[in-house]
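K.L.:
Quick one, data05.pdb (PDB, C-alpha atoms):
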```pdb
ATOM      1  CA  MET A   1       0.000   0.000   0.000
ATOM      2  CA  ARG A   2       2.774   2.401   0.988
ATOM      3  CA  SER A   3       4.773   1.658  -2.185
ATOM      4  CA  GLY A   4       1.647   2.346  -4.266
ATOM      5  CA  ARG A   5       1.278   5.773  -2.665
ATOM      6  CA  ILE A   6       4.923   6.554  -3.300
ATOM      7  CA  LEU A   7       4.535   5.508  -6.946
ATOM      8  CA  LEU A   8       1.434   7.715  -7.310
ATOM      9  CA  LEU A   9       3.267  10.636  -5.729
ATOM     10  CA  LEU A  10       6.246  10.178  -8.042
ATOM     11  CA  THR A  11       3.894  10.040 -11.024
ATOM     12  CA  LEU A  12       2.194  13.272  -9.978
ATOM     13  CA  VAL A  13       5.581  14.957  -9.468
ATOM     14  CA  ALA A  14       6.698  13.821 -12.921
ATOM     15  CA  ILE A  15       3.506  15.119 -14.521
ATOM     16  CA  LEU A  16       3.834  18.417 -12.686
ATOM     17  CA  SER A  17       7.465  18.728 -13.779
ATOM     18  CA  ILE A  18       6.496  18.119 -17.389
ATOM     19  CA  GLU A  19       3.758  20.747 -17.135
ATOM     20  CA  ILE A  20       6.172  23.231 -15.596
ATOM     21  CA  VAL A  21       8.763  22.618 -18.281
ATOM     22  CA  GLY A  22       6.071  22.875 -20.974
ATOM     23  CA  TYR A  23       4.796  26.138 -19.510
ATOM     24  CA  GLN A  24       8.331  27.515 -19.396
ATOM     25  CA  HIS A  25       8.805  26.574 -23.053
ATOM     26  CA  TYR A  26       5.481  28.222 -23.876
ATOM     27  CA  ARG A  27       6.450  31.439 -22.086
ATOM     28  CA  SER A  28       9.874  31.442 -23.703
ATOM     29  CA  ASP A  29       8.474  30.809 -27.198
ATOM     30  CA  MET A  30       5.740  33.423 -26.855
ATOM     31  CA  ALA A  31       8.223  36.008 -25.528
ATOM     32  CA  ALA A  32      10.450  35.345 -28.548
ATOM     33  CA  TRP A  33       7.463  35.598 -30.892
ATOM     34  CA  ARG A  34       6.340  38.890 -29.337
ATOM     35  CA  ILE A  35       9.691  40.380 -30.353
ATOM     36  CA  VAL A  36       9.015  39.275 -33.935
ATOM     37  CA  GLN A  37       5.444  40.593 -33.846
ATOM     38  CA  GLN A  38       6.508  43.956 -32.455
ATOM     39  CA  SER A  39       9.139  44.339 -35.184
ATOM     40  CA  LEU A  40       6.694  43.360 -37.932
ATOM     41  CA  ALA A  41       3.921  45.569 -36.540
ATOM     42  CA  SER A  42       6.337  48.503 -36.368
ATOM     43  CA  LEU A  43       7.325  47.899 -39.994
ATOM     44  CA  HIS A  44       3.712  47.710 -41.109
ATOM     45  CA  SER A  45       2.909  50.939 -39.303
ATOM     46  CA  ALA A  46       5.839  52.608 -41.071
ATOM     47  CA  LEU A  47       4.604  51.307 -44.444
ATOM     48  CA  GLU A  48       1.348  53.182 -43.926
ATOM     49  CA  ARG A  49       3.310  56.446 -43.671
ATOM     50  CA  GLU A  50       6.331  55.972 -45.917
ATOM     51  CA  PRO A  51       7.141  54.188 -49.200
ATOM     52  CA  ALA A  52       9.230  51.029 -48.959
ATOM     53  CA  THR A  53      12.144  52.817 -50.658
ATOM     54  CA  ARG A  54      12.630  54.836 -47.454
ATOM     55  CA  LEU A  55      12.376  51.908 -45.050
ATOM     56  CA  ALA A  56      15.531  49.887 -45.661
ATOM     57  CA  MET A  57      16.475  49.923 -41.947
ATOM     58  CA  PRO A  58      13.050  48.843 -40.571
ATOM     59  CA  ILE A  59      12.890  46.093 -43.215
ATOM     60  CA  ALA A  60      16.379  44.860 -42.231
ATOM     61  CA  SER A  61      15.454  45.002 -38.518
ATOM     62  CA  ALA A  62      12.286  42.971 -39.097
ATOM     63  CA  ARG A  63      14.221  40.435 -41.174
ATOM     64  CA  ALA A  64      16.799  40.042 -38.366
ATOM     65  CA  ALA A  65      14.006  39.372 -35.840
ATOM     66  CA  VAL A  66      12.347  36.822 -38.118
ATOM     67  CA  ASP A  67      15.649  35.069 -38.894
ATOM     68  CA  ALA A  68      16.541  34.892 -35.179
ATOM     69  CA  PHE A  69      13.207  33.245 -34.355
ATOM     70  CA  ALA A  70      13.469  30.833 -37.294
ATOM     71  CA  ALA A  71      16.998  29.792 -36.303
ATOM     72  CA  ALA A  72      15.780  28.057 -33.107
ATOM     73  CA  ALA A  73      13.198  25.314 -32.551
ATOM     74  CA  HIS A  74       9.846  26.576 -31.278
ATOM     75  CA  ARG A  75       6.519  24.946 -30.472
ATOM     76  CA  PHE A  76       4.485  28.121 -29.983
ATOM     77  CA  PRO A  77       2.517  29.817 -31.320
ATOM     78  CA  ARG A  78       0.950  26.756 -32.893
ATOM     79  CA  ASP A  79       0.737  28.411 -36.339
ATOM     80  CA  HIS A  80       4.194  29.994 -36.184
ATOM     81  CA  GLY A  81       5.291  28.065 -39.306
ATOM     82  CA  ALA A  82       2.617  29.694 -41.486
ATOM     83  CA  ARG A  83       3.224  33.093 -39.901
ATOM     84  CA  LEU A  84       6.966  32.868 -40.444
ATOM     85  CA  GLN A  85       6.430  31.918 -44.067
ATOM     86  CA  ALA A  86       4.126  34.914 -44.587
ATOM     87  CA  ALA A  87       6.646  37.241 -42.902
ATOM     88  CA  GLN A  88       9.539  35.934 -45.006
ATOM     89  CA  HIS A  89       7.416  36.273 -48.149
ATOM     90  CA  GLY A  90       6.460  39.833 -47.273
ATOM     91  CA  LEU A  91      10.013  40.873 -46.377
ATOM     92  CA  ARG A  92      11.308  39.456 -49.649
ATOM     93  CA  TYR A  93       8.790  41.536 -51.629
ATOM     94  CA  LEU A  94       9.464  44.654 -49.573
ATOM     95  CA  ALA A  95      13.207  44.293 -50.161
ATOM     96  CA  ILE A  96      12.554  44.191 -53.913
ATOM     97  CA  SER A  97      10.382  47.301 -53.648
ATOM     98  CA  ALA A  98      12.885  49.118 -51.426
ATOM     99  CA  ASN A  99      15.506  48.554 -54.121
ATOM    100  CA  GLY A 100      13.205  50.030 -56.753
ATOM    101  CA  ALA A 101      12.790  46.570 -58.322
ATOM    102  CA  GLN A 102      16.211  47.094 -59.913
ATOM    103  CA  GLY A 103      16.549  43.446 -60.843
ATOM    104  CA  ILE A 104      13.203  43.344 -62.656
ATOM    105  CA  ARG A 105      13.240  45.314 -65.878
ATOM    106  CA  THR A 106      11.277  43.058 -68.237
ATOM    107  CA  TRP A 107       7.979  41.220 -68.189
ATOM    108  CA  GLU A 108       9.951  38.000 -68.623
ATOM    109  CA  ALA A 109      11.595  38.644 -65.239
ATOM    110  CA  MET A 110       8.239  39.609 -63.753
ATOM    111  CA  SER A 111       6.742  36.272 -64.831
ATOM    112  CA  ALA A 112       8.379  34.664 -61.795
ATOM    113  CA  TYR A 113       6.050  36.656 -59.506
ATOM    114  CA  SER A 114       2.610  35.711 -60.801
ATOM    115  CA  GLU A 115       0.800  36.671 -57.583
ATOM    116  CA  VAL A 116       2.267  40.181 -57.756
ATOM    117  CA  THR A 117       1.179  40.579 -61.394
ATOM    118  CA  LYS A 118      -2.424  40.301 -60.153
ATOM    119  CA  LEU A 119      -1.935  43.814 -58.716
ATOM    120  CA  LEU A 120      -0.691  45.341 -61.968
ATOM    121  CA  PRO A 121      -2.832  47.116 -64.583
ATOM    122  CA  ARG A 122      -1.391  46.259 -67.985
ATOM    123  CA  ASP A 123      -1.608  48.201 -71.229
ATOM    124  CA  CYS A 124       0.010  47.913 -74.616
ATOM    125  CA  ASP A 125       2.856  50.081 -75.896
ATOM    126  CA  GLY A 126       2.814  49.376 -79.592
ATOM    127  CA  ASP A 127       3.089  45.645 -80.190
ATOM    128  CA  HIS A 128       4.229  44.778 -76.643
ATOM    129  CA  LEU A 129       3.143  45.269 -73.046
ATOM    130  CA  ALA A 130       4.049  48.650 -71.578
ATOM    131  CA  PHE A 131       6.481  48.287 -68.679
ATOM    132  CA  SER A 132       6.592  50.744 -65.764
ATOM    133  CA  PRO A 133       9.338  50.215 -63.125
ATOM    134  CA  ALA A 134       7.499  52.590 -60.760
ATOM    135  CA  LEU A 135       4.308  50.487 -60.933
ATOM    136  CA  ILE A 136       6.303  47.274 -60.529
ATOM    137  CA  SER A 137       7.988  48.596 -57.373
ATOM    138  CA  GLU A 138       4.661  49.764 -55.949
ATOM    139  CA  ALA A 139       3.049  46.378 -56.639
ATOM    140  CA  PHE A 140       5.797  44.618 -54.666
ATOM    141  CA  ALA A 141       5.259  47.068 -51.796
ATOM    142  CA  VAL A 142       1.515  46.317 -51.736
ATOM    143  CA  ALA A 143       2.154  42.558 -51.853
ATOM    144  CA  GLY A 144       4.792  42.767 -49.135
ATOM    145  CA  SER A 145       2.545  44.838 -46.880
ATOM    146  CA  TYR A 146      -0.255  42.293 -47.273
ATOM    147  CA  PHE A 147       1.956  39.382 -46.181
ATOM    148  CA  ILE A 148       3.305  41.359 -43.225
ATOM    149  CA  ARG A 149      -0.288  41.982 -42.121
ATOM    150  CA  GLU A 150      -1.043  38.288 -42.541
ATOM    151  CA  SER A 151       1.967  37.315 -40.419
ATOM    152  CA  ILE A 152       0.683  39.397 -37.495
ATOM    153  CA  SER A 153      -2.901  38.152 -38.007
ATOM    154  CA  ALA A 154      -4.160  41.574 -39.045
ATOM    155  CA  THR A 155      -5.881  40.544 -42.301
ATOM    156  CA  THR A 156      -9.656  40.139 -42.509
ATOM    157  CA  GLN A 157     -11.468  37.391 -44.379
ATOM    158  CA  LYS A 158     -12.447  39.908 -47.068
ATOM    159  CA  GLU A 159      -8.826  40.998 -47.491
ATOM    160  CA  ARG A 160      -7.690  37.391 -47.822
ATOM    161  CA  SER A 161     -10.431  36.739 -50.390
ATOM    162  CA  ASN A 162      -9.489  39.878 -52.373
ATOM    163  CA  TRP A 163      -5.838  38.843 -52.324
ATOM    164  CA  GLN A 164      -6.624  35.381 -53.655
ATOM    165  CA  GLN A 165      -8.741  36.876 -56.435
ATOM    166  CA  GLY A 166      -6.460  39.809 -57.288
ATOM    167  CA  PHE A 167      -7.400  42.913 -59.254
ATOM    168  CA  TYR A 168      -6.215  41.525 -62.588
ATOM    169  CA  PRO A 169      -5.557  38.045 -64.021
ATOM    170  CA  PRO A 170      -2.050  36.658 -63.448
ATOM    171  CA  LEU A 171       0.364  37.591 -66.219
ATOM    172  CA  ASP A 172       0.140  35.401 -69.327
ATOM    173  CA  LEU A 173       2.933  36.985 -71.328
ATOM    174  CA  PRO A 174       2.562  35.086 -74.650
ATOM    175  CA  ARG A 175      -1.200  35.613 -74.776
ATOM    176  CA  GLU A 176      -1.061  39.289 -73.744
ATOM    177  CA  THR A 177       1.785  40.032 -76.146
ATOM    178  CA  ALA A 178      -0.232  38.466 -78.977
ATOM    179  CA  ALA A 179      -3.192  40.650 -77.981
ATOM    180  CA  CYS A 180      -0.969  43.752 -78.130
ATOM    181  CA  GLN A 181       0.191  42.768 -81.587
ATOM    182  CA  ARG A 182      -3.419  42.462 -82.745
ATOM    183  CA  LEU A 183      -4.206  45.850 -81.191
ATOM    184  CA  GLU A 184      -1.194  47.411 -82.892
ATOM    185  CA  ARG A 185      -2.441  46.265 -86.285
ATOM    186  CA  ALA A 186      -5.888  47.643 -85.494
ATOM    187  CA  THR A 187      -4.298  50.859 -84.204
ATOM    188  CA  LEU A 188      -2.587  51.435 -87.527
ATOM    189  CA  ARG A 189      -5.928  51.123 -89.279
ATOM    190  CA  VAL A 190      -7.567  53.493 -86.751
ATOM    191  CA  ALA A 191      -4.708  55.986 -87.128
ATOM    192  CA  ALA A 192      -5.232  55.998 -90.878
ATOM    193  CA  ASP A 193      -8.925  56.741 -90.334
ATOM    194  CA  MET A 194      -8.152  59.443 -87.775
ATOM    195  CA  SER A 195      -5.838  61.177 -90.216
ATOM    196  CA  LYS A 196      -8.926  61.818 -92.314
ATOM    197  CA  ALA A 197     -10.934  63.190 -89.375
ATOM    198  CA  GLY A 198     -10.618  66.794 -90.551
ATOM    199  CA  GLU A 199     -11.816  66.109 -94.075
ATOM    200  CA  PRO A 200     -15.393  67.290 -94.883
ATOM    201  CA  ALA A 201     -16.393  63.851 -96.106
ATOM    202  CA  HIS A 202     -15.261  62.288 -92.836
ATOM    203  CA  ILE A 203     -17.011  64.920 -90.691
ATOM    204  CA  ALA A 204     -20.263  64.337 -92.546
ATOM    205  CA  LYS A 205     -19.932  60.589 -92.003
ATOM    206  CA  TRP A 206     -20.155  60.783 -88.192
ATOM    207  CA  ARG A 207     -22.905  62.180 -85.969
ATOM    208  CA  TYR A 208     -20.748  62.537 -82.848
ATOM    209  CA  HIS A 209     -17.194  63.891 -82.619
ATOM    210  CA  ILE A 210     -15.729  63.305 -79.160
ATOM    211  CA  GLU A 211     -12.494  64.664 -77.714
ATOM    212  CA  ILE A 212     -10.970  62.963 -74.666
ATOM    213  CA  SER A 213      -8.395  64.854 -72.585
ATOM    214  CA  ASN A 214      -6.531  62.471 -70.270
ATOM    215  CA  PRO A 215      -3.450  64.309 -68.890
ATOM    216  CA  SER A 216      -2.770  61.797 -66.089
ATOM    217  CA  GLY A 217      -2.716  58.846 -68.502
ATOM    218  CA  CYS A 218      -5.652  56.833 -67.149
ATOM    219  CA  LEU A 219      -6.032  53.410 -68.755
ATOM    220  CA  MET A 220      -9.287  52.816 -70.674
ATOM    221  CA  THR A 221     -10.969  51.079 -73.595
ATOM    222  CA  PRO A 222     -13.122  53.339 -75.835
ATOM    223  CA  TYR A 223     -16.092  51.924 -77.773
ATOM    224  CA  SER A 224     -17.637  53.450 -80.900
ATOM    225  CA  ASP A 225     -20.928  51.920 -82.080
ATOM    226  CA  ASP A 226     -20.100  48.780 -80.021
ATOM    227  CA  GLN A 227     -16.631  48.454 -81.589
ATOM    228  CA  ALA A 228     -13.645  48.524 -79.211
ATOM    229  CA  LEU A 229     -11.029  50.973 -80.446
ATOM    230  CA  PRO A 230      -7.432  50.737 -79.227
ATOM    231  CA  VAL A 231      -5.796  53.991 -78.172
ATOM    232  CA  PRO A 232      -2.198  54.344 -79.401
ATOM    233  CA  HIS A 233       0.158  54.630 -76.442
ATOM    234  CA  SER A 234       1.543  57.898 -77.820
ATOM    235  CA  GLU A 235      -1.962  59.402 -77.930
ATOM    236  CA  VAL A 236      -3.328  58.173 -74.598
ATOM    237  CA  TYR A 237      -3.196  61.692 -73.099
ATOM    238  CA  ARG A 238      -5.517  63.151 -75.730
ATOM    239  CA  PHE A 239      -7.445  61.339 -78.457
ATOM    240  CA  HIS A 240     -10.444  61.647 -80.759
ATOM    241  CA  LEU A 241     -13.465  59.341 -80.929
ATOM    242  CA  ASP A 242     -16.206  59.308 -83.601
ATOM    243  CA  ALA A 243     -19.569  57.547 -83.421
ATOM    244  CA  ASN A 244     -22.986  57.525 -85.054
ATOM    245  CA  ARG A 245     -25.107  55.717 -82.459
ATOM    246  CA  LYS A 246     -23.242  55.055 -79.215
ATOM    247  CA  ALA A 247     -19.900  55.780 -77.586
ATOM    248  CA  ARG A 248     -18.603  54.822 -74.178
ATOM    249  CA  LEU A 249     -15.457  54.306 -72.143
ATOM    250  CA  GLU A 250     -14.887  50.965 -70.376
ATOM    251  CA  LYS A 251     -12.306  49.606 -67.916
ATOM    252  CA  VAL A 252     -11.204  53.086 -66.912
ATOM    253  CA  PHE A 253      -8.442  52.959 -64.291
ATOM    254  CA  CYS A 254      -6.706  56.061 -62.925
ATOM    255  CA  ASN A 255      -3.690  55.564 -60.696
ATOM    256  CA  THR A 256      -4.379  58.428 -58.265
ATOM    257  CA  ASP A 257      -7.475  60.465 -59.145
ATOM    258  CA  LYS A 258     -11.014  59.368 -59.892
ATOM    259  CA  PRO A 259     -11.987  59.589 -63.582
ATOM    260  CA  ALA A 260     -14.261  62.579 -62.929
ATOM    261  CA  ASP A 261     -11.221  64.541 -61.711
ATOM    262  CA  ALA A 262      -8.742  63.241 -64.286
ATOM    263  CA  ILE A 263     -10.619  63.074 -67.611
ATOM    264  CA  ALA A 264     -12.274  65.886 -69.579
ATOM    265  CA  VAL A 265     -14.734  65.191 -72.413
ATOM    266  CA  SER A 266     -16.208  67.367 -75.153
ATOM    267  CA  ILE A 267     -18.844  66.221 -77.643
ATOM    268  CA  ASN A 268     -19.344  68.120 -80.887
ATOM    269  CA  GLY A 269     -17.349  71.006 -79.456
ATOM    270  CA  GLN A 270     -19.289  71.265 -76.164
ATOM    271  CA  ASP A 271     -17.955  70.256 -72.752
ATOM    272  CA  TYR A 272     -19.666  67.199 -71.306
ATOM    273  CA  ASP A 273     -19.598  65.910 -67.711
ATOM    274  CA  PRO A 274     -19.985  62.092 -67.883
ATOM    275  CA  VAL A 275     -21.656  59.941 -65.249
ATOM    276  CA  TRP A 276     -18.996  57.478 -64.023
ATOM    277  CA  LEU A 277     -20.106  54.064 -62.798
ATOM    278  CA  LEU A 278     -17.958  51.617 -60.840
ATOM    279  CA  ASP A 279     -17.972  48.271 -62.657
ATOM    280  CA  ASP A 280     -18.029  44.749 -61.190
ATOM    281  CA  SER A 281     -14.255  44.685 -60.665
ATOM    282  CA  GLY A 282     -14.650  47.261 -57.887
ATOM    283  CA  ILE A 283     -11.725  49.319 -59.170
ATOM    284  CA  ASN A 284     -12.476  50.192 -62.815
ATOM    285  CA  TYR A 285     -15.051  52.706 -64.028
ATOM    286  CA  ALA A 286     -17.255  53.003 -67.102
ATOM    287  CA  THR A 287     -19.307  55.802 -68.648
ATOM    288  CA  GLN A 288     -21.778  56.242 -71.472
ATOM    289  CA  LEU A 289     -20.898  59.263 -73.627
ATOM    290  CA  VAL A 290     -23.616  59.121 -76.272
ATOM    291  CA  PRO A 291     -26.539  58.906 -76.202
ATOM    292  CA  ARG A 292     -26.505  61.124 -73.140
ATOM    293  CA  THR A 293     -28.825  58.900 -71.087
ATOM    294  CA  PRO A 294     -26.535  56.296 -69.449
ATOM    295  CA  LEU A 295     -27.138  52.697 -70.475
ATOM    296  CA  ALA A 296     -26.550  49.627 -68.327
ATOM    297  CA  ILE A 297     -23.031  48.404 -69.015
ATOM    298  CA  THR A 298     -22.222  44.733 -68.589
ATOM    299  CA  PRO A 299     -18.789  43.309 -67.684
ATOM    300  CA  ASP A 300     -18.274  41.980 -71.231
ATOM    301  CA  GLY A 301     -18.609  45.492 -72.615
ATOM    302  CA  ARG A 302     -22.066  45.078 -74.155
ATOM    303  CA  PRO A 303     -24.880  47.568 -73.394
TER     304      PRO A 303
END
```
Show this structure as structure tokens.
P.N.:
Amino acid sequence: MRSGRILLLLTLVAILSIEIVGYQHYRSDMAAWRIVQQSLASLHSALEREPATRLAMPIASARAAVDAFAAAAHRFPRDHGARLQAAQHGLRYLAISANGAQGIRTWEAMSAYSEVTKLLPRDCDGDHLAFSPALISEAFAVAGSYFIRESISATTQKERSNWQQGFYPPLDLPRETAACQRLERATLRVAADMSKAGEPAHIAKWRYHIEISNPSGCLMTPYSDDQALPVPHSEVYRFHLDANRKARLEKVFCNTDKPADAIAVSINGQDYDPVWLLDDSGINYATQLVPRTPLAITPDGRP
């Protein structure tokens, strides 16, 4: 009987010792993780005030904290593996942005970052995709900031869903280059028609003559009588549009301003203030120019 009590007591002491050791490991792991979280949270707060190009030191400090935590074995927090991966992903993207994306100067190089291309509006420059280093750097900053937020559990379900979906399809360079080449051929035909715009016969042919002033270079797709018309890259800041029945602008994206503040329209020589509607993407706008009463505009561009 006495030996049984001693055995029970020893068992309880062993269990208690294990619990104490486990609790000490938990406290130690969580203290180490708090250092990582504080560094990442500080970096994210700085990203809300400053561009990544000015945050080389906070990015390096956060990376040092993450690397120090990853270098040792930890059991807590339970999801620290996923959080570390998100932090490392975000820091990698922020480092690229902080360096002005110096190592990425072609779409071929950008193809390695398909999830970042979902943040990039893409337009044609002649027979190839236009490339903007400034936009590339900003896209990496946005992607990096998202993963930093995810690593500190600051993302909402809606934000995670929006990230998975992206604003644009992932880059498909062969297909999009082929589309630019088709647009370039169509552009040459449109340019030939536009060269005749001042001729009396041409003026008589069209009921509506529309001038678009776009000094900030907003991206858009014009439609004339249900026909999409490519805008030459060299003429994106100001171009002419003719129509007999209907004219509209689709997929209008302005980098900083809203279209109403960035785009001026005149129809048959008179200023016109379009009604801008947010389309299903949640970021692009559309407007009916003529007839003046706005029509319902569907995502596929058909009224």
K.L.:
If the PyMOL selection byres ((chain A and resi 61) around 12) were run on this exact file, what residues would it hold? Put them as JSON, numbers by chain.
P.N.:
{"A": [35, 36, 37, 38, 39, 40, 41, 42, 43, 55, 56, 57, 58, 59, 60, 62, 63, 64, 65, 66, 67, 68, 91, 95]}
K.L.:
Between atom CA of A:Ser213 and atom CA of A:Gly282, what distance in Å does the model show, to one decimal?
P.N.:
23.8 Å
K.L.:
With all atoms listed in the file as the atoms that count, which of A:Glu250, A:Ala141, A:Leu120, A:Ala70 lies nearest to A:Ile96?
P.N.:
A:Ala141
K.L.:
Show me the residues around (-20.0, 62.5, -66.3) - criterion: an atom at most 10 Å away, only C-alpha atoms counted - as an mmCIF file with C-alpha atoms, in the frame of the given file.
P.N.:
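Contents of result-v9.cif, freshly written:
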```cif
data_model
loop_
_atom_site.group_PDB
_atom_site.id
_atom_site.type_symbol
_atom_site.label_atom_id
_atom_site.label_comp_id
_atom_site.auth_asym_id
_atom_site.auth_seq_id
_atom_site.Cartn_x
_atom_site.Cartn_y
_atom_site.Cartn_z
ATOM 1 C CA PRO A 259 -11.987 59.589 -63.582
ATOM 2 C CA ALA A 260 -14.261 62.579 -62.929
ATOM 3 C CA ILE A 263 -10.619 63.074 -67.611
ATOM 4 C CA ALA A 264 -12.274 65.886 -69.579
ATOM 5 C CA VAL A 265 -14.734 65.191 -72.413
ATOM 6 C CA TYR A 272 -19.666 67.199 -71.306
ATOM 7 C CA ASP A 273 -19.598 65.910 -67.711
ATOM 8 C CA PRO A 274 -19.985 62.092 -67.883
ATOM 9 C CA VAL A 275 -21.656 59.941 -65.249
ATOM 10 C CA TRP A 276 -18.996 57.478 -64.023
ATOM 11 C CA LEU A 277 -20.106 54.064 -62.798
ATOM 12 C CA ALA A 286 -17.255 53.003 -67.102
ATOM 13 C CA THR A 287 -19.307 55.802 -68.648
ATOM 14 C CA GLN A 288 -21.778 56.242 -71.472
ATOM 15 C CA LEU A 289 -20.898 59.263 -73.627
ATOM 16 C CA ARG A 292 -26.505 61.124 -73.140
ATOM 17 C CA PRO A 294 -26.535 56.296 -69.449
#
```
K.L.:
Can you measure atom CA of A:Ser145 to atom CA of A:Arg75 for me? One decimal in Å is fine.
P.N.:
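According to the coordinates, atom CA of A:Ser145 and atom CA of A:Arg75 are separated by 26.1 Å.
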K.L.:
Axis-aligned box over every listed atom of stretch 141-148 of chain A, padded by 8 Å per side: centre and edges in Å to one decimal, as JSON?
P.N.:
```
{"center_x": 2.5, "center_y": 43.2, "center_z": -47.5, "size_x": 21.5, "size_y": 23.7, "size_z": 24.6}
```
K.L.:
Expand the PyMOL selection byres ((chain A and resi 118) around 7) into the individual residues it matches in the shown file, reporting them as a PyMOL selection string.
P.N.:
chain A and resi 114-117+119-120+166-170
